[in-house]
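Report on one structure; see the data block that follows.
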Amino acid sequence: MADADAVPALDTDALLDDPDIRIIVCCGSGGVGKTTTAAALGVRAAERGRKVVVLTIDPARRLAQSMGIETLDNVPRRVEGIETRGSGELHAMMLDMKRTFDEIVEAHADGERARAILENPFYQSLSAGFAGTQEYMAMEKLGQLRAREEWDLIVVDTPPSRSALDFLDAPKRLGSFLDGKFIKLLMAPAKMGGRAGMKFLNVGMSMMTGTLGKLLGGQFLRDVQTFVAAMDTMFGGFRTRADATYQLLQAPGTAFLVVATPERDALREAAYFVERLAAEDMPLAGLVLNRVHGSEAARLSAESALAAAENLDATGIVDQTAGKAGLREPADSPAAGTAQTTDTTDTAGAATPDPSAGATPADPSEHASESERESEPTSVEPTSVEQLTAGLLHLHAERMQVVAREQHTRDRFTALHPEVAVTAVAALPGDVHDLAGLRAIGDRLATGSAPAGAA
């Protein structure tokens, strides 16, 4: 097991308090708590005096609910209830991918051309669902927020991408598409204009457009060409802004936090994130290890707990075959076995028949209606202290096995990346659904509150 003292601790408060840090990017695989982490960091930073905006791309809208906002959209909304020092504020917003794309068009094209682009069917498909558009627009929105200089800290909750760090690749991919050979070929007739352009279109593109027209449909190809002609003056801007945002992510004022849970797949993905960030010269602040389990009774190992439970089982107290706690009669008990008799024996050894044998019982319940009998309470045998003890020992053993597995997985990560600072966040008993819950997560982020037995 790795020496916990040898792993550098991530000081999130120092990160939040550093005025030179202007952007914090939370990245990680899906389902590891990126949105909650981003929101908790935003709350804590605002309450420590910073003017913060949290940008989420999470469509589940959990961020809005936890911050007491009815809905989030493409406009930053002020979060009320922040117990701030000085001039601290918290705003939150959720990326509207299409609206962001529309804003770019409206900002960089005149009214008539912008209208032609926005109404173009190909543009509507591109802005609503083209591969990489969401990630590209997240970076566009980040660039817009940073340029406004309205907030001194931007916390970004990155998109839930199937492939790690898609949001870093998307600006390059979309920029390459919009600036690629295919687009330039489609743009050529519009650029050449007049008869020369028509000649080029008829001779140089006849084979290509004929083939594409058969595959995609002639109307679709005309929509693409119309879109390209209208967007001609904007293509260079996409590439320029993509490059500027990429450089912004590499700047010293940006800090990346990789978020993971102490599970094998999540930490394997986290290791890939760490390596990819290093390869791209992106400034990594550290790893947030979410939902770490522990036990206040860590001195009692899983092996000892199981041995104690088995000792209780051996005395016939816990019925393991039934899969639940229950009394099991010892083998020498008169009640053992399925055949039981109520006969008694007198002192002379003669069997005395049970007086109830063969007789009709005079039990008034026999004459009660079925509904009356069903309503009668069923007697439940009380659970003994031994049963409870054995059950708790088994539960504790299972918990300690989980703790050991999580620690082993964490040790493998830190062995590969001993330079990465880590803060462990103890698992909460329930979901986070309000500011109080976000504050609790913020406290755990700041203190590295791995529970007892987890390190």
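Letters for chains follow the order of the structure tokens (A, B, ...), residue numbers begin at 1 for each chain, and ligand numbers begin at 1 in the order shown.
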
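Neighbours of Gln250 of chain A closer than or equal to 10 Å, with only C-alpha atoms counted and sequence neighbours fewer than 5 positions away skipped, come out as A:Ala244, A:Thr245, A:Ala255, A:Phe256, A:Leu277, A:Glu280, A:Asp281, A:Met282, A:Pro283, A:Leu284.
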
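Take atom CA of Phe227 of chain A and atom CA of Leu168 of chain A: the distance between them is 26.0 Å.
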
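One finds atom CA of Val54 of chain A at 6.3 Å from atom CA of His91 of chain A.
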
So what do you get for atom CA of Gln219 of chain A versus atom CA of Glu112 of chain A, distance-wise? 21.9 Å

Which residues, written as a compact mmCIF listing (two decimals) with all heavy atoms, in the first residue's frame, have at least one atom at most 12 Å from Gly442 of chain A, with only C-alpha atoms counted and residues fewer than 3 positions away on the same chain left out?
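The new file part-v2.txt reads:
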```
# COMPACT_ATOMS: atom_id res chain seq x y z
N ASP A 11 -4.51 21.61 -2.29
CA ASP A 11 -5.08 22.68 -1.45
C ASP A 11 -6.04 23.49 -2.31
O ASP A 11 -5.65 24.43 -3.00
CB ASP A 11 -3.95 23.56 -0.92
CG ASP A 11 -4.44 24.57 0.12
OD1 ASP A 11 -5.66 24.82 0.18
OD2 ASP A 11 -3.60 25.13 0.85
N THR A 12 -7.32 23.12 -2.28
CA THR A 12 -8.29 23.79 -3.14
C THR A 12 -8.56 25.23 -2.69
O THR A 12 -8.81 26.10 -3.53
CB THR A 12 -9.62 23.02 -3.17
OG1 THR A 12 -10.11 22.84 -1.84
CG2 THR A 12 -9.45 21.67 -3.84
N ASP A 13 -8.47 25.51 -1.39
CA ASP A 13 -8.67 26.89 -0.94
C ASP A 13 -7.59 27.82 -1.46
O ASP A 13 -7.86 28.96 -1.86
CB ASP A 13 -8.73 26.95 0.60
CG ASP A 13 -10.11 26.59 1.14
OD1 ASP A 13 -11.04 26.46 0.33
OD2 ASP A 13 -10.23 26.43 2.37
N LEU A 16 -8.49 28.53 -5.02
CA LEU A 16 -9.61 29.45 -5.16
C LEU A 16 -9.23 30.87 -4.75
O LEU A 16 -9.78 31.84 -5.28
CB LEU A 16 -10.79 28.98 -4.31
CG LEU A 16 -11.41 27.63 -4.69
CD1 LEU A 16 -12.52 27.26 -3.72
CD2 LEU A 16 -11.94 27.65 -6.12
N THR A 36 -21.25 18.59 -9.73
CA THR A 36 -21.32 18.91 -8.31
C THR A 36 -20.03 19.55 -7.83
O THR A 36 -20.04 20.52 -7.05
CB THR A 36 -21.62 17.65 -7.50
OG1 THR A 36 -22.85 17.08 -7.94
CG2 THR A 36 -21.75 17.96 -6.01
N THR A 37 -18.90 19.02 -8.30
CA THR A 37 -17.60 19.59 -7.91
C THR A 37 -17.48 21.03 -8.39
O THR A 37 -17.05 21.91 -7.63
CB THR A 37 -16.46 18.74 -8.48
OG1 THR A 37 -16.53 17.41 -7.93
CG2 THR A 37 -15.11 19.33 -8.15
N ALA A 38 -17.84 21.28 -9.65
CA ALA A 38 -17.77 22.63 -10.19
C ALA A 38 -18.66 23.59 -9.41
O ALA A 38 -18.26 24.71 -9.07
CB ALA A 38 -18.17 22.62 -11.67
N ALA A 39 -19.88 23.15 -9.10
CA ALA A 39 -20.81 24.00 -8.35
C ALA A 39 -20.29 24.27 -6.94
O ALA A 39 -20.36 25.40 -6.44
CB ALA A 39 -22.19 23.35 -8.29
N ALA A 40 -19.76 23.24 -6.27
CA ALA A 40 -19.24 23.41 -4.91
C ALA A 40 -18.04 24.35 -4.90
O ALA A 40 -17.91 25.19 -3.99
CB ALA A 40 -18.85 22.04 -4.33
N LEU A 41 -17.18 24.25 -5.89
CA LEU A 41 -16.04 25.17 -5.99
C LEU A 41 -16.52 26.60 -6.20
O LEU A 41 -15.98 27.55 -5.62
CB LEU A 41 -15.12 24.75 -7.14
CG LEU A 41 -14.30 23.48 -6.93
CD1 LEU A 41 -13.64 23.05 -8.24
CD2 LEU A 41 -13.25 23.67 -5.85
N GLY A 42 -17.56 26.76 -7.04
CA GLY A 42 -18.11 28.09 -7.28
C GLY A 42 -18.68 28.72 -6.03
O GLY A 42 -18.43 29.90 -5.73
N VAL A 43 -19.44 27.93 -5.28
CA VAL A 43 -20.03 28.43 -4.03
C VAL A 43 -18.93 28.82 -3.05
O VAL A 43 -18.97 29.90 -2.44
CB VAL A 43 -20.97 27.37 -3.41
CG1 VAL A 43 -21.39 27.78 -2.00
CG2 VAL A 43 -22.20 27.17 -4.29
N ARG A 44 -17.95 27.95 -2.89
CA ARG A 44 -16.89 28.22 -1.90
C ARG A 44 -16.07 29.44 -2.32
O ARG A 44 -15.71 30.27 -1.47
CB ARG A 44 -16.00 26.99 -1.75
CG ARG A 44 -15.04 27.10 -0.55
CD ARG A 44 -14.38 25.78 -0.25
NE ARG A 44 -13.54 25.87 0.94
CZ ARG A 44 -13.95 25.71 2.18
NH1 ARG A 44 -15.23 25.46 2.42
NH2 ARG A 44 -13.11 25.79 3.20
N ALA A 45 -15.75 29.57 -3.61
CA ALA A 45 -14.97 30.71 -4.06
C ALA A 45 -15.73 32.02 -3.86
O ALA A 45 -15.15 33.02 -3.42
CB ALA A 45 -14.60 30.53 -5.53
N ALA A 46 -17.04 32.01 -4.15
CA ALA A 46 -17.85 33.22 -3.98
C ALA A 46 -17.93 33.60 -2.51
O ALA A 46 -17.84 34.79 -2.15
CB ALA A 46 -19.24 33.01 -4.56
N GLU A 47 -18.09 32.61 -1.65
CA GLU A 47 -18.21 32.90 -0.23
C GLU A 47 -16.86 33.27 0.39
O GLU A 47 -16.83 33.77 1.52
CB GLU A 47 -18.85 31.71 0.50
CG GLU A 47 -20.28 31.49 0.04
CD GLU A 47 -21.08 30.52 0.89
OE1 GLU A 47 -20.46 29.64 1.54
OE2 GLU A 47 -22.32 30.63 0.91
N ARG A 48 -15.80 33.08 -0.35
CA ARG A 48 -14.48 33.54 0.09
C ARG A 48 -14.10 34.87 -0.56
O ARG A 48 -12.97 35.32 -0.45
CB ARG A 48 -13.42 32.47 -0.21
CG ARG A 48 -13.64 31.18 0.59
CD ARG A 48 -12.64 30.10 0.20
NE ARG A 48 -11.29 30.41 0.67
CZ ARG A 48 -10.84 30.13 1.89
NH1 ARG A 48 -11.63 29.56 2.78
NH2 ARG A 48 -9.60 30.42 2.22
N VAL A 288 -9.32 15.37 -7.96
CA VAL A 288 -10.39 15.31 -6.95
C VAL A 288 -10.94 13.89 -6.96
O VAL A 288 -11.49 13.44 -7.96
CB VAL A 288 -11.51 16.32 -7.26
CG1 VAL A 288 -12.67 16.13 -6.29
CG2 VAL A 288 -10.97 17.75 -7.18
N ASN A 290 -13.62 11.63 -5.68
CA ASN A 290 -14.96 11.76 -5.12
C ASN A 290 -15.48 10.45 -4.54
O ASN A 290 -15.08 9.36 -4.97
CB ASN A 290 -15.93 12.22 -6.22
CG ASN A 290 -16.19 13.70 -6.18
OD1 ASN A 290 -15.99 14.35 -5.15
ND2 ASN A 290 -16.64 14.25 -7.28
N THR A 423 -6.97 15.44 -3.54
CA THR A 423 -7.85 15.66 -2.40
C THR A 423 -8.97 14.64 -2.47
O THR A 423 -9.53 14.40 -3.55
CB THR A 423 -8.42 17.10 -2.36
OG1 THR A 423 -9.17 17.27 -1.16
CG2 THR A 423 -9.30 17.40 -3.55
N ALA A 424 -9.25 13.98 -1.35
CA ALA A 424 -10.27 12.94 -1.31
C ALA A 424 -11.53 13.49 -0.64
O ALA A 424 -11.45 14.14 0.40
CB ALA A 424 -9.74 11.73 -0.54
N VAL A 425 -12.67 13.22 -1.26
CA VAL A 425 -13.94 13.72 -0.77
C VAL A 425 -14.77 12.55 -0.27
O VAL A 425 -15.13 11.66 -1.05
CB VAL A 425 -14.70 14.49 -1.87
CG1 VAL A 425 -16.03 15.00 -1.36
CG2 VAL A 425 -13.84 15.65 -2.39
N ALA A 426 -15.06 12.55 1.02
CA ALA A 426 -15.83 11.45 1.60
C ALA A 426 -17.23 11.40 1.00
O ALA A 426 -17.85 12.43 0.73
CB ALA A 426 -15.93 11.64 3.12
N VAL A 432 -26.72 15.65 -3.36
CA VAL A 432 -26.62 17.09 -3.09
C VAL A 432 -27.75 17.79 -3.85
O VAL A 432 -27.87 17.62 -5.07
CB VAL A 432 -25.26 17.64 -3.53
CG1 VAL A 432 -25.21 19.14 -3.37
CG2 VAL A 432 -24.15 16.98 -2.74
N LEU A 435 -27.79 24.49 -1.52
CA LEU A 435 -26.54 25.18 -1.23
C LEU A 435 -25.83 24.57 -0.02
O LEU A 435 -24.59 24.52 0.01
CB LEU A 435 -26.80 26.67 -0.98
CG LEU A 435 -27.11 27.52 -2.22
CD1 LEU A 435 -27.46 28.94 -1.80
CD2 LEU A 435 -25.93 27.52 -3.18
N ALA A 436 -26.59 24.12 0.96
CA ALA A 436 -25.97 23.50 2.13
C ALA A 436 -25.17 22.26 1.74
O ALA A 436 -24.06 22.03 2.22
CB ALA A 436 -27.04 23.14 3.16
N GLY A 437 -25.73 21.47 0.83
CA GLY A 437 -25.01 20.30 0.35
C GLY A 437 -23.76 20.67 -0.43
O GLY A 437 -22.71 20.03 -0.29
N LEU A 438 -23.85 21.74 -1.23
CA LEU A 438 -22.67 22.20 -1.97
C LEU A 438 -21.60 22.72 -1.02
O LEU A 438 -20.40 22.53 -1.25
CB LEU A 438 -23.07 23.28 -2.97
CG LEU A 438 -23.94 22.82 -4.15
CD1 LEU A 438 -24.37 24.00 -5.00
CD2 LEU A 438 -23.21 21.79 -5.00
N ARG A 439 -22.03 23.38 0.06
CA ARG A 439 -21.04 23.84 1.06
C ARG A 439 -20.35 22.65 1.73
O ARG A 439 -19.14 22.69 2.00
CB ARG A 439 -21.73 24.70 2.12
CG ARG A 439 -22.18 26.06 1.62
CD ARG A 439 -22.64 26.96 2.77
NE ARG A 439 -23.20 28.20 2.25
CZ ARG A 439 -24.50 28.44 2.13
NH1 ARG A 439 -25.38 27.53 2.51
NH2 ARG A 439 -24.93 29.59 1.64
N LEU A 445 -13.74 19.19 -0.03
CA LEU A 445 -12.71 19.48 -1.02
C LEU A 445 -11.52 20.19 -0.39
O LEU A 445 -10.36 19.93 -0.72
CB LEU A 445 -13.29 20.36 -2.14
CG LEU A 445 -14.17 19.66 -3.18
CD1 LEU A 445 -14.97 20.70 -3.98
CD2 LEU A 445 -13.31 18.83 -4.12
N ALA A 446 -11.83 21.11 0.53
CA ALA A 446 -10.77 21.93 1.15
C ALA A 446 -9.94 21.13 2.15
O ALA A 446 -8.73 21.34 2.27
CB ALA A 446 -11.39 23.14 1.84
N THR A 447 -10.58 20.22 2.86
CA THR A 447 -9.88 19.50 3.93
C THR A 447 -9.34 18.15 3.49
O THR A 447 -8.61 17.51 4.26
CB THR A 447 -10.82 19.30 5.14
OG1 THR A 447 -11.97 18.56 4.72
CG2 THR A 447 -11.26 20.66 5.68
N GLY A 448 -9.71 17.71 2.29
CA GLY A 448 -9.28 16.37 1.89
C GLY A 448 -9.82 15.34 2.82
O GLY A 448 -9.08 14.48 3.31
N SER A 449 -11.13 15.41 3.08
CA SER A 449 -11.73 14.65 4.17
C SER A 449 -12.04 13.23 3.78
O SER A 449 -13.19 12.82 3.78
CB SER A 449 -13.03 15.34 4.62
OG SER A 449 -13.94 15.40 3.53
```

Nearest to Phe273 of chain A, chosen from A:Trp151, A:Phe413, A:Tyr123, A:Phe101, with only C-alpha atoms counted in the distances: A:Phe413

Fewer than 4 positions away in the same chain doesn't count, so skip those; otherwise give me all residues within 10 Å of Leu55 of chain A, counting only C-alpha atoms, as a list in words. Val25, Thr35, Ala38, Ala39, Gly42, Leu63, Leu72, Asp73, Asn74, Val75, Pro76, His91, Ala92, Met93, Met94, Leu95, Ala138, Lys141, Leu142, Leu145, Ile154, Val155, Val156, Asp157 and Thr158 of chain A

Show which residues sit within 8 Å of segment 261-268 of chain A, as an MDAnalysis selection string. Count only C-alpha atoms, and ignore same-chain residues fewer than 6 positions away. chainID A and resid 29 32 289:292 406:407 409:410 413
